[in-house]
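J.: I'm passing along work-v5.pdb; it holds PDB, C-alpha atoms.
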```
MODEL        1
ATOM      1  CA  ASP A   7       1.863   7.502   3.939  1.00  0.00           C
ATOM      2  CA  ILE A   8       4.472   9.233   1.748  1.00  0.00           C
ATOM      3  CA  GLY A   9       5.111   7.675  -1.641  1.00  0.00           C
ATOM      4  CA  ASN A  10       7.458   8.774  -4.375  1.00  0.00           C
ATOM      5  CA  SER A  11       5.144  11.514  -5.627  1.00  0.00           C
ATOM      6  CA  ARG A  12       1.955  11.489  -3.512  1.00  0.00           C
ATOM      7  CA  VAL A  13       1.111  11.589   0.163  1.00  0.00           C
ATOM      8  CA  LYS A  14      -1.972  10.016   1.739  1.00  0.00           C
ATOM      9  CA  TRP A  15      -3.100  10.879   5.236  1.00  0.00           C
ATOM     10  CA  ALA A  16      -5.933  10.561   7.733  1.00  0.00           C
ATOM     11  CA  ARG A  17      -6.683  11.558  11.315  1.00  0.00           C
ATOM     12  CA  LEU A  18      -6.979   9.014  14.094  1.00  0.00           C
ATOM     13  CA  GLY A  19      -9.233  10.113  16.934  1.00  0.00           C
ATOM     14  CA  ALA A  20     -11.645   8.784  19.509  1.00  0.00           C
ATOM     15  CA  ASP A  21     -14.051   7.793  16.727  1.00  0.00           C
ATOM     16  CA  GLY A  22     -11.393   5.841  14.813  1.00  0.00           C
ATOM     17  CA  LEU A  23      -9.570   6.523  11.578  1.00  0.00           C
ATOM     18  CA  GLY A  24     -11.021   9.300   9.468  1.00  0.00           C
ATOM     19  CA  GLN A  25     -11.340   9.514   5.710  1.00  0.00           C
ATOM     20  CA  GLN A  26      -8.180   9.252   3.641  1.00  0.00           C
ATOM     21  CA  SER A  27      -6.967  12.338   1.776  1.00  0.00           C
ATOM     22  CA  ALA A  28      -4.283  12.406  -0.903  1.00  0.00           C
ATOM     23  CA  SER A  29      -2.220  14.925  -2.835  1.00  0.00           C
ATOM     24  CA  SER A  30       0.934  15.360  -4.863  1.00  0.00           C
ATOM     25  CA  TYR A  31       3.587  16.976  -2.647  1.00  0.00           C
ATOM     26  CA  ALA A  32       6.145  18.094  -5.236  1.00  0.00           C
ATOM     27  CA  GLY A  33       7.789  21.302  -4.084  1.00  0.00           C
ATOM     28  CA  TRP A  34       5.989  21.432  -0.737  1.00  0.00           C
ATOM     29  CA  THR A  35       7.676  23.299   2.106  1.00  0.00           C
ATOM     30  CA  GLY A  36       7.070  22.676   5.793  1.00  0.00           C
ATOM     31  CA  ILE A  37       4.357  25.354   5.676  1.00  0.00           C
ATOM     32  CA  ASP A  38       2.642  23.553   2.780  1.00  0.00           C
ATOM     33  CA  TRP A  39       2.689  20.260   4.695  1.00  0.00           C
ATOM     34  CA  ASN A  40       1.290  21.980   7.768  1.00  0.00           C
ATOM     35  CA  THR A  41      -1.519  23.667   5.834  1.00  0.00           C
ATOM     36  CA  ALA A  42      -2.529  20.530   3.917  1.00  0.00           C
ATOM     37  CA  LEU A  43      -2.327  17.953   6.697  1.00  0.00           C
ATOM     38  CA  PHE A  44      -3.154  19.873   9.858  1.00  0.00           C
ATOM     39  CA  SER A  45      -5.190  22.926   8.756  1.00  0.00           C
ATOM     40  CA  GLY A  46      -4.604  24.663  12.072  1.00  0.00           C
ATOM     41  CA  GLU A  47      -6.358  21.913  14.063  1.00  0.00           C
ATOM     42  CA  ARG A  48      -4.905  20.438  17.236  1.00  0.00           C
ATOM     43  CA  VAL A  49      -2.724  17.371  16.589  1.00  0.00           C
ATOM     44  CA  GLU A  50      -1.041  15.329  19.316  1.00  0.00           C
ATOM     45  CA  ARG A  51       1.526  13.427  17.248  1.00  0.00           C
ATOM     46  CA  VAL A  52       2.381  12.479  13.700  1.00  0.00           C
ATOM     47  CA  LEU A  53       3.219   8.949  12.519  1.00  0.00           C
ATOM     48  CA  ALA A  54       4.491   8.483   8.988  1.00  0.00           C
ATOM     49  CA  ALA A  55       5.635   5.761   6.626  1.00  0.00           C
ATOM     50  CA  SER A  56       7.901   7.092   3.909  1.00  0.00           C
ATOM     51  CA  VAL A  57       9.651   5.872   0.779  1.00  0.00           C
ATOM     52  CA  ALA A  58      10.396   9.476  -0.217  1.00  0.00           C
ATOM     53  CA  GLY A  59      13.728  11.253  -0.046  1.00  0.00           C
ATOM     54  CA  PRO A  60      15.140  13.261   2.855  1.00  0.00           C
ATOM     55  CA  ALA A  61      13.795  16.606   1.592  1.00  0.00           C
ATOM     56  CA  ALA A  62      10.139  15.532   1.858  1.00  0.00           C
ATOM     57  CA  GLU A  63      10.744  13.878   5.225  1.00  0.00           C
ATOM     58  CA  ALA A  64      12.493  16.979   6.572  1.00  0.00           C
ATOM     59  CA  ALA A  65       9.609  19.197   5.411  1.00  0.00           C
ATOM     60  CA  LEU A  66       7.043  16.940   7.081  1.00  0.00           C
ATOM     61  CA  ASP A  67       9.148  16.849  10.232  1.00  0.00           C
ATOM     62  CA  ALA A  68       9.233  20.654  10.323  1.00  0.00           C
ATOM     63  CA  ALA A  69       5.454  20.740   9.923  1.00  0.00           C
ATOM     64  CA  ALA A  70       4.977  18.157  12.670  1.00  0.00           C
ATOM     65  CA  ARG A  71       7.194  20.139  15.059  1.00  0.00           C
ATOM     66  CA  ALA A  72       5.219  23.291  14.337  1.00  0.00           C
ATOM     67  CA  ALA A  73       1.883  21.534  14.855  1.00  0.00           C
ATOM     68  CA  THR A  74       2.697  19.293  17.829  1.00  0.00           C
ATOM     69  CA  GLY A  75       5.925  20.549  19.383  1.00  0.00           C
ATOM     70  CA  GLN A  76       7.610  17.204  18.706  1.00  0.00           C
ATOM     71  CA  PRO A  77       9.183  15.499  15.684  1.00  0.00           C
ATOM     72  CA  ALA A  78       7.359  13.258  13.268  1.00  0.00           C
ATOM     73  CA  GLN A  79       7.735   9.547  14.079  1.00  0.00           C
ATOM     74  CA  PHE A  80       8.849   7.698  10.959  1.00  0.00           C
ATOM     75  CA  VAL A  81       7.793   4.066  11.249  1.00  0.00           C
ATOM     76  CA  LYS A  82      10.231   1.352  10.252  1.00  0.00           C
ATOM     77  CA  THR A  83       9.670  -2.341   9.602  1.00  0.00           C
ATOM     78  CA  THR A  84      10.301  -4.475  12.682  1.00  0.00           C
ATOM     79  CA  ARG A  85      10.450  -8.168  13.560  1.00  0.00           C
ATOM     80  CA  ALA A  86       6.947  -8.085  15.061  1.00  0.00           C
ATOM     81  CA  ALA A  87       4.187  -5.573  15.765  1.00  0.00           C
ATOM     82  CA  ALA A  88       0.447  -5.508  16.459  1.00  0.00           C
ATOM     83  CA  GLY A  89       0.144  -9.296  16.464  1.00  0.00           C
ATOM     84  CA  VAL A  90       2.018  -9.832  13.169  1.00  0.00           C
ATOM     85  CA  VAL A  91       5.410 -11.560  12.915  1.00  0.00           C
ATOM     86  CA  ASN A  92       7.592 -10.566   9.978  1.00  0.00           C
ATOM     87  CA  GLY A  93       8.394 -13.518   7.712  1.00  0.00           C
ATOM     88  CA  TYR A  94      11.575 -12.082   6.177  1.00  0.00           C
ATOM     89  CA  ALA A  95      14.931 -13.462   7.324  1.00  0.00           C
ATOM     90  CA  ASP A  96      16.095  -9.844   7.527  1.00  0.00           C
ATOM     91  CA  PRO A  97      12.953  -7.978   8.680  1.00  0.00           C
ATOM     92  CA  GLY A  98      14.287  -4.588   7.619  1.00  0.00           C
ATOM     93  CA  LEU A  99      14.266  -5.618   3.957  1.00  0.00           C
ATOM     94  CA  LEU A 100      10.465  -5.839   3.888  1.00  0.00           C
ATOM     95  CA  GLY A 101       9.186  -2.486   2.618  1.00  0.00           C
ATOM     96  CA  VAL A 102       7.463  -0.398   5.263  1.00  0.00           C
ATOM     97  CA  ASP A 103       4.373   0.036   3.069  1.00  0.00           C
ATOM     98  CA  ARG A 104       4.040  -3.747   2.704  1.00  0.00           C
ATOM     99  CA  TRP A 105       4.578  -4.192   6.428  1.00  0.00           C
ATOM    100  CA  LEU A 106       1.894  -1.692   7.361  1.00  0.00           C
ATOM    101  CA  ALA A 107      -0.563  -3.093   4.808  1.00  0.00           C
ATOM    102  CA  VAL A 108      -0.077  -6.547   6.339  1.00  0.00           C
ATOM    103  CA  ILE A 109      -0.620  -5.178   9.846  1.00  0.00           C
ATOM    104  CA  GLY A 110      -3.719  -3.309   8.726  1.00  0.00           C
ATOM    105  CA  ALA A 111      -5.119  -6.357   6.937  1.00  0.00           C
ATOM    106  CA  TYR A 112      -4.542  -8.721   9.853  1.00  0.00           C
ATOM    107  CA  ALA A 113      -6.186  -6.296  12.278  1.00  0.00           C
ATOM    108  CA  ARG A 114      -9.109  -5.857   9.897  1.00  0.00           C
ATOM    109  CA  VAL A 115      -9.899  -9.535   9.263  1.00  0.00           C
ATOM    110  CA  GLY A 116      -8.558 -11.072  12.466  1.00  0.00           C
ATOM    111  CA  GLY A 117      -7.189 -14.108  10.668  1.00  0.00           C
ATOM    112  CA  ALA A 118      -5.515 -15.517   7.583  1.00  0.00           C
ATOM    113  CA  CYS A 119      -5.365 -13.132   4.637  1.00  0.00           C
ATOM    114  CA  VAL A 120      -3.706 -12.309   1.344  1.00  0.00           C
ATOM    115  CA  VAL A 121      -2.825  -8.670   0.690  1.00  0.00           C
ATOM    116  CA  ALA A 122      -2.312  -7.413  -2.873  1.00  0.00           C
ATOM    117  CA  ASP A 123      -0.974  -3.856  -3.129  1.00  0.00           C
ATOM    118  CA  ILE A 124      -1.230  -2.684  -6.736  1.00  0.00           C
ATOM    119  CA  GLY A 125       0.714   0.435  -7.613  1.00  0.00           C
ATOM    120  CA  THR A 126       3.825   1.147  -9.687  1.00  0.00           C
ATOM    121  CA  ALA A 127       4.950  -2.209  -8.360  1.00  0.00           C
ATOM    122  CA  ALA A 128       2.485  -4.908  -7.362  1.00  0.00           C
ATOM    123  CA  THR A 129       3.102  -6.903  -4.198  1.00  0.00           C
ATOM    124  CA  VAL A 130       1.356  -9.931  -2.746  1.00  0.00           C
ATOM    125  CA  ASP A 131       1.757 -10.926   0.911  1.00  0.00           C
ATOM    126  CA  VAL A 132       0.349 -13.830   2.902  1.00  0.00           C
ATOM    127  CA  VAL A 133      -0.474 -13.855   6.613  1.00  0.00           C
ATOM    128  CA  ALA A 134      -1.486 -17.018   8.476  1.00  0.00           C
ATOM    129  CA  ALA A 135      -4.245 -17.149  11.079  1.00  0.00           C
ATOM    130  CA  ASP A 136      -1.694 -16.842  13.906  1.00  0.00           C
ATOM    131  CA  GLY A 137      -0.319 -13.582  12.470  1.00  0.00           C
ATOM    132  CA  ARG A 138       2.818 -15.039  10.930  1.00  0.00           C
ATOM    133  CA  HIS A 139       3.747 -13.368   7.673  1.00  0.00           C
ATOM    134  CA  ARG A 140       4.579 -16.108   5.155  1.00  0.00           C
ATOM    135  CA  GLY A 141       6.282 -13.881   2.562  1.00  0.00           C
ATOM    136  CA  GLY A 142       5.071 -12.888  -0.862  1.00  0.00           C
ATOM    137  CA  TYR A 143       5.872 -11.661  -4.374  1.00  0.00           C
ATOM    138  CA  ILE A 144       6.872  -8.433  -6.122  1.00  0.00           C
ATOM    139  CA  VAL A 145       6.121  -7.832  -9.813  1.00  0.00           C
ATOM    140  CA  PRO A 146       5.582  -4.734 -11.984  1.00  0.00           C
ATOM    141  CA  GLY A 147       2.241  -2.999 -11.626  1.00  0.00           C
ATOM    142  CA  PRO A 148      -0.115  -2.751 -14.625  1.00  0.00           C
ATOM    143  CA  ARG A 149       1.159   0.588 -15.906  1.00  0.00           C
ATOM    144  CA  LEU A 150       4.787  -0.445 -15.543  1.00  0.00           C
ATOM    145  CA  MET A 151       4.035  -3.666 -17.453  1.00  0.00           C
ATOM    146  CA  VAL A 152       2.494  -1.632 -20.273  1.00  0.00           C
ATOM    147  CA  ALA A 153       5.392   0.828 -20.293  1.00  0.00           C
ATOM    148  CA  SER A 154       7.902  -2.034 -20.449  1.00  0.00           C
ATOM    149  CA  LEU A 155       6.188  -3.523 -23.494  1.00  0.00           C
ATOM    150  CA  LEU A 156       5.863  -0.186 -25.278  1.00  0.00           C
ATOM    151  CA  GLY A 157       9.455   0.755 -24.511  1.00  0.00           C
ATOM    152  CA  SER A 158      10.931  -2.531 -25.739  1.00  0.00           C
ATOM    153  CA  THR A 159       8.790  -3.389 -28.778  1.00  0.00           C
ATOM    154  CA  SER A 160       8.525  -0.748 -31.489  1.00  0.00           C
ATOM    155  CA  ASP A 161       5.810  -2.568 -33.453  1.00  0.00           C
ATOM    156  CA  LEU A 162       3.584  -2.971 -30.403  1.00  0.00           C
ATOM    157  CA  ALA A 163       4.119   0.669 -29.477  1.00  0.00           C
ATOM    158  CA  ALA A 164       3.043   1.803 -32.927  1.00  0.00           C
ATOM    159  CA  HIS A 165      -0.026  -0.431 -32.979  1.00  0.00           C
ATOM    160  CA  HIS A 166      -0.893   0.617 -29.407  1.00  0.00           C
ATOM    161  CA  ALA A 167      -0.819   4.279 -30.394  1.00  0.00           C
ATOM    162  CA  SER A 168      -3.101   3.749 -33.374  1.00  0.00           C
ATOM    163  CA  SER A 169      -5.625   1.466 -31.650  1.00  0.00           C
ATOM    164  CA  GLY A 170      -9.005   2.727 -30.519  1.00  0.00           C
ATOM    165  CA  ALA A 171     -10.852   1.933 -27.329  1.00  0.00           C
ATOM    166  CA  THR A 172     -12.773  -1.302 -27.047  1.00  0.00           C
ATOM    167  CA  ARG A 173     -16.398  -1.641 -25.982  1.00  0.00           C
ATOM    168  CA  SER A 174     -15.910  -3.431 -22.665  1.00  0.00           C
ATOM    169  CA  ASP A 175     -13.345  -4.740 -20.200  1.00  0.00           C
ATOM    170  CA  ALA A 176     -14.299  -8.401 -20.611  1.00  0.00           C
ATOM    171  CA  GLY A 177     -13.314 -11.119 -23.037  1.00  0.00           C
ATOM    172  CA  PHE A 178     -10.485 -11.191 -25.544  1.00  0.00           C
ATOM    173  CA  ALA A 179      -9.331  -7.840 -26.894  1.00  0.00           C
ATOM    174  CA  ASP A 180      -9.911  -6.876 -30.506  1.00  0.00           C
ATOM    175  CA  ASN A 181      -7.139  -4.249 -30.819  1.00  0.00           C
ATOM    176  CA  THR A 182      -3.519  -3.874 -29.744  1.00  0.00           C
ATOM    177  CA  ARG A 183      -4.065  -1.213 -27.092  1.00  0.00           C
ATOM    178  CA  GLU A 184      -6.594  -3.324 -25.222  1.00  0.00           C
ATOM    179  CA  ALA A 185      -4.672  -6.540 -25.830  1.00  0.00           C
ATOM    180  CA  ILE A 186      -1.721  -5.021 -23.971  1.00  0.00           C
ATOM    181  CA  GLU A 187      -3.518  -3.091 -21.251  1.00  0.00           C
ATOM    182  CA  ARG A 188      -6.170  -5.715 -20.485  1.00  0.00           C
ATOM    183  CA  GLY A 189      -3.584  -8.480 -20.728  1.00  0.00           C
ATOM    184  CA  CYS A 190      -1.408  -6.796 -18.093  1.00  0.00           C
ATOM    185  CA  ARG A 191      -4.357  -6.377 -15.725  1.00  0.00           C
ATOM    186  CA  LEU A 192      -5.387  -9.967 -16.298  1.00  0.00           C
ATOM    187  CA  ALA A 193      -1.829 -11.185 -15.659  1.00  0.00           C
ATOM    188  CA  LEU A 194      -1.881  -9.529 -12.254  1.00  0.00           C
ATOM    189  CA  ALA A 195      -5.326 -10.910 -11.477  1.00  0.00           C
ATOM    190  CA  ALA A 196      -4.082 -14.404 -12.360  1.00  0.00           C
ATOM    191  CA  LEU A 197      -1.057 -13.962 -10.071  1.00  0.00           C
ATOM    192  CA  ILE A 198      -3.318 -12.858  -7.224  1.00  0.00           C
ATOM    193  CA  GLU A 199      -5.719 -15.775  -7.715  1.00  0.00           C
ATOM    194  CA  ARG A 200      -2.847 -18.284  -7.866  1.00  0.00           C
ATOM    195  CA  SER A 201      -1.315 -16.726  -4.751  1.00  0.00           C
ATOM    196  CA  LEU A 202      -4.622 -16.978  -2.923  1.00  0.00           C
ATOM    197  CA  ALA A 203      -5.010 -20.658  -3.826  1.00  0.00           C
ATOM    198  CA  ASP A 204      -1.429 -21.427  -2.781  1.00  0.00           C
ATOM    199  CA  ALA A 205      -1.848 -19.444   0.439  1.00  0.00           C
ATOM    200  CA  GLU A 206      -4.944 -21.388   1.426  1.00  0.00           C
ATOM    201  CA  ARG A 207      -3.093 -24.663   0.899  1.00  0.00           C
ATOM    202  CA  SER A 208      -0.131 -23.328   2.887  1.00  0.00           C
ATOM    203  CA  VAL A 209      -2.121 -22.134   5.902  1.00  0.00           C
ATOM    204  CA  GLY A 210      -4.633 -24.973   5.762  1.00  0.00           C
ATOM    205  CA  GLY A 211      -7.770 -22.871   5.527  1.00  0.00           C
ATOM    206  CA  ARG A 212      -9.595 -19.996   3.919  1.00  0.00           C
ATOM    207  CA  CYS A 213      -7.828 -16.669   3.427  1.00  0.00           C
ATOM    208  CA  ARG A 214      -9.524 -13.320   2.968  1.00  0.00           C
ATOM    209  CA  LEU A 215      -8.271 -11.358  -0.042  1.00  0.00           C
ATOM    210  CA  LEU A 216      -7.705  -7.609   0.321  1.00  0.00           C
ATOM    211  CA  LEU A 217      -6.623  -5.215  -2.444  1.00  0.00           C
ATOM    212  CA  THR A 218      -5.079  -1.792  -1.945  1.00  0.00           C
ATOM    213  CA  GLY A 219      -2.913   0.638  -3.888  1.00  0.00           C
ATOM    214  CA  GLY A 220      -3.509   3.272  -6.526  1.00  0.00           C
ATOM    215  CA  ALA A 221      -4.080   0.779  -9.356  1.00  0.00           C
ATOM    216  CA  ALA A 222      -6.146  -1.753  -7.404  1.00  0.00           C
ATOM    217  CA  ALA A 223      -9.359  -0.633  -9.102  1.00  0.00           C
ATOM    218  CA  GLU A 224      -7.850  -1.580 -12.499  1.00  0.00           C
ATOM    219  CA  VAL A 225      -7.254  -5.179 -11.430  1.00  0.00           C
ATOM    220  CA  LEU A 226     -10.275  -5.761  -9.199  1.00  0.00           C
ATOM    221  CA  PRO A 227     -12.780  -6.346 -12.067  1.00  0.00           C
ATOM    222  CA  GLN A 228     -10.530  -9.082 -13.497  1.00  0.00           C
ATOM    223  CA  LEU A 229     -10.690 -11.240 -10.363  1.00  0.00           C
ATOM    224  CA  ARG A 230     -13.080 -14.190 -10.443  1.00  0.00           C
ATOM    225  CA  GLY A 231     -13.448 -14.554  -6.691  1.00  0.00           C
ATOM    226  CA  THR A 232     -14.369 -12.233  -3.837  1.00  0.00           C
ATOM    227  CA  ALA A 233     -11.965  -9.490  -2.813  1.00  0.00           C
ATOM    228  CA  GLU A 234     -12.251  -6.472  -0.544  1.00  0.00           C
ATOM    229  CA  HIS A 235     -10.938  -3.143  -1.835  1.00  0.00           C
ATOM    230  CA  VAL A 236      -9.369  -1.182   1.044  1.00  0.00           C
ATOM    231  CA  PRO A 237      -7.730   1.991  -0.326  1.00  0.00           C
ATOM    232  CA  ASP A 238      -6.385   3.156   3.070  1.00  0.00           C
ATOM    233  CA  LEU A 239      -4.913  -0.162   4.233  1.00  0.00           C
ATOM    234  CA  VAL A 240      -1.431   1.288   4.883  1.00  0.00           C
ATOM    235  CA  LEU A 241      -2.963   4.034   7.006  1.00  0.00           C
ATOM    236  CA  GLN A 242      -4.976   1.392   8.872  1.00  0.00           C
ATOM    237  CA  GLY A 243      -1.679  -0.295   9.680  1.00  0.00           C
ATOM    238  CA  LEU A 244      -0.269   3.002  10.930  1.00  0.00           C
ATOM    239  CA  ALA A 245      -3.360   3.418  13.083  1.00  0.00           C
ATOM    240  CA  GLU A 246      -2.739   0.030  14.690  1.00  0.00           C
ATOM    241  CA  LEU A 247       0.780   1.119  15.661  1.00  0.00           C
ATOM    242  CA  ALA A 248      -0.548   4.440  16.950  1.00  0.00           C
ATOM    243  CA  ARG A 249      -2.804   2.546  19.365  1.00  0.00           C
ATOM    244  CA  ILE A 250       0.147   0.732  20.984  1.00  0.00           C
ATOM    245  CA  PRO A 251       0.856   2.384  24.374  1.00  0.00           C
ATOM    246  CA  VAL A 252       4.166   4.221  24.383  1.00  0.00           C
ATOM    247  CA  PRO A 253       6.130   4.467  27.679  1.00  0.00           C
ATOM    248  CA  THR A 254       6.948   8.127  28.316  1.00  0.00           C
ATOM    249  CA  SER A 255      10.505   7.288  29.434  1.00  0.00           C
ATOM    250  CA  THR A 256      11.592   5.610  26.199  1.00  0.00           C
ATOM    251  CA  PRO A 257      11.545   6.570  22.516  1.00  0.00           C
ATOM    252  CA  TYR A 258       8.702   5.380  20.331  1.00  0.00           C
ATOM    253  CA  PRO A 259       9.651   1.777  19.433  1.00  0.00           C
ATOM    254  CA  HIS A 260       9.123   2.199  15.688  1.00  0.00           C
ATOM    255  CA  SER A 261      10.684   5.636  15.299  1.00  0.00           C
ATOM    256  CA  LYS A 262      13.283   6.499  12.695  1.00  0.00           C
ATOM    257  CA  VAL A 263      16.780   6.418  14.204  1.00  0.00           C
TER     258      VAL A 263
ENDMDL
END
```
Could the structure of this file be written out as structure tokens, please?

T.:
Amino acid sequence: DIGNSRVKWARLGADGLGQQSASSYAGWTGIDWNTALFSGERVERVLAASVAGPAAEAALDAAARAATGQPAQFVKTTRAAAGVVNGYADPGLLGVDRWLAVIGAYARVGGACVVADIGTAATVDVVAADGRHRGGYIVPGPRLMVASLLGSTSDLAAHHASSGATRSDAGFADNTREAIERGCRLALAALIERSLADAERSVGGRCRLLLTGGAAAEVLPQLRGTAEHVPDLVLQGLAELARIPVPTSTPYPHSKV
């Protein structure tokens, strides 16, 4: 799972998906990718979801060829996969990380769910009990919200810089720094709770709420209801695609072309 600055990975074997690892990959060569991800162990194939540029993808591909003798398979968003039907009019416009998180969530809960992925951007996606993706929302993540306020309001930036830490992460803030930072986390929590309520009305039943993404832990304490924190949800989605039998006579159906 290759993001703009970090890569997360795990091994899928007979015992299921292993523990997630993560690292910054700035400046990595193919040898660096091979050492970090494969460590000289036998690997059959490599599946990847990437929002990185061509240099990182080419380096991973070189590492995959060295480790497996075949290219890395870069997953793309499709109309349907692993029991989930894409709700976008143009399926390719749904980000591959959102798509895989939805697939992973639906496989995990086996029914209706709401997936909130909190990172630089925050996304919310809804899946009905029959696996149909109902769409979702995209807003700035908590740190991007804070940065937007500090970059556009000189007074708030000055007060933020001079404010001290507060005693807790509950209740109304008593200084500018916490008023901004806690307010942004609370805004996202409110969006998630509203989305969950609307989703349950839309699908006509209860939805499980799953949170993932690098900033999920910042928002989780602000939620009033029950949510499951699943840090490796995108990798769980990749694992679901890896389990789909691939005919030897045709290319992998989700490969980069």

J.: Just checking: using all atoms listed in the file, which residue out of A:Asp180, A:Asp38, A:Asp136, A:Glu47 ends up closest to Ala68 in chain A?

T.: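 That would be A:Asp38, the residue with the smallest distance to Ala68 in chain A.
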
J.: Need the shell around Ala196 in chain A: protein/DNA/RNA residues with any atom at most 10 Å away, counting all atoms listed in the file. Skip same-chain ones fewer than 5 positions apart. Format as a CSV table (one decimal) with C-alpha atoms, in the frame of the given file?

T.:
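For reference, out-v3.csv as written:
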```
chain,number,residue,atom,x,y,z
A,190,CYS,CA,-1.4,-6.8,-18.1
A,191,ARG,CA,-4.4,-6.4,-15.7
A,201,SER,CA,-1.3,-16.7,-4.8
A,202,LEU,CA,-4.6,-17.0,-2.9
A,225,VAL,CA,-7.3,-5.2,-11.4
A,228,GLN,CA,-10.5,-9.1,-13.5
A,229,LEU,CA,-10.7,-11.2,-10.4
A,230,ARG,CA,-13.1,-14.2,-10.4
```

J.: Could you jot down the CA of Gly93 in chain A to CA of Val209 in chain A separation for me, Å, one decimal place?

T.: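 Pair CA of Gly93 in chain A / CA of Val209 in chain A returns 13.7 Å.
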
J.: What's the separation between CA of Ala223 in chain A and CA of Phe178 in chain A, in Å to one decimal place?

T.: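 Result for CA of Ala223 in chain A versus CA of Phe178 in chain A: 19.6 Å, one decimal.
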
J.: Quick one: apply the PyMOL selection byres ((chain A and resi 117) around 12) to the file and drop the selected residues here as a PyMOL selection string.

T.: chain A and resi 89-90+108-116+118-120+132-139+206+209+211-215

J.: Give me the result of the PyMOL selection byres ((chain A and resi 17) around 10) on this file, residue by residue, as a count of residues only.

T.: 18

J.: Quick one, how far is CA of Leu150 in chain A from CA of Val57 in chain A?

T.: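 Separation of CA of Leu150 in chain A and CA of Val57 in chain A: 18.2 Å.
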
J.: Expand the PyMOL selection byres ((chain A and resi 217) around 12) into the individual residues it matches in the shown file, reporting them as a VMD selection string.

T.: chain A and resid 104 107 to 108 110 to 111 119 to 125 128 to 131 194 to 195 198 to 199 202 214 to 216 218 to 227 229 232 to 240

J.: Using all atoms listed in the file, can you tell me which of A:Leu192, A:Ser45, A:Ala87, A:Gly36 comes closest to Asp67 in chain A?

T.: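 Under the stated criterion, the closest residue is A:Gly36.
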
J.: Between A:Gly59, A:Arg140, A:Thr35, A:Gly147, which is the closest to Asp204 in chain A once you count all atoms listed in the file?

T.: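 That would be A:Arg140, the residue with the smallest distance to Asp204 in chain A.
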
J.: Return the single residue from A:Leu156, A:Gly75, A:Glu50, A:Arg85 that is closest to Leu99 in chain A, with distances computed using only C-alpha atoms.

T.: A:Arg85

J.: When you count all atoms listed in the file, which of these residues is closest to Asp96 in chain A: A:Gln242, A:Ala69, A:Gln79, A:Gly141?

T.: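 Closest to Asp96 in chain A, using all atoms listed in the file: A:Gly141.
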
J.: Find the residue from A:Gly189, A:Gly231, A:Pro146, A:Gly177 that sits nearest to Ala203 in chain A; use all atoms listed in the file when measuring.

T.: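 Of A:Gly189, A:Gly231, A:Pro146, A:Gly177, the one nearest Ala203 in chain A, counting all atoms listed in the file, is A:Gly231.
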
J.: Fewer than 5 positions away in the same chain doesn't count, so skip those; otherwise give me all residues within 9 Å of Ala32 in chain A, counting only C-alpha atoms, as a PyMOL selection string.

T.: chain A and resi 11-12+62

J.: Could you save those same residues with C-alpha atoms as a PDB file, in the coordinates of the input?

T.:
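Output contents, as saved in out_19.pdb:
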```
ATOM      1  CA  SER A  11       5.144  11.514  -5.627  1.00  0.00           C
ATOM      2  CA  ARG A  12       1.955  11.489  -3.512  1.00  0.00           C
ATOM      3  CA  ALA A  62      10.139  15.532   1.858  1.00  0.00           C
TER       4      ALA A  62
END
```
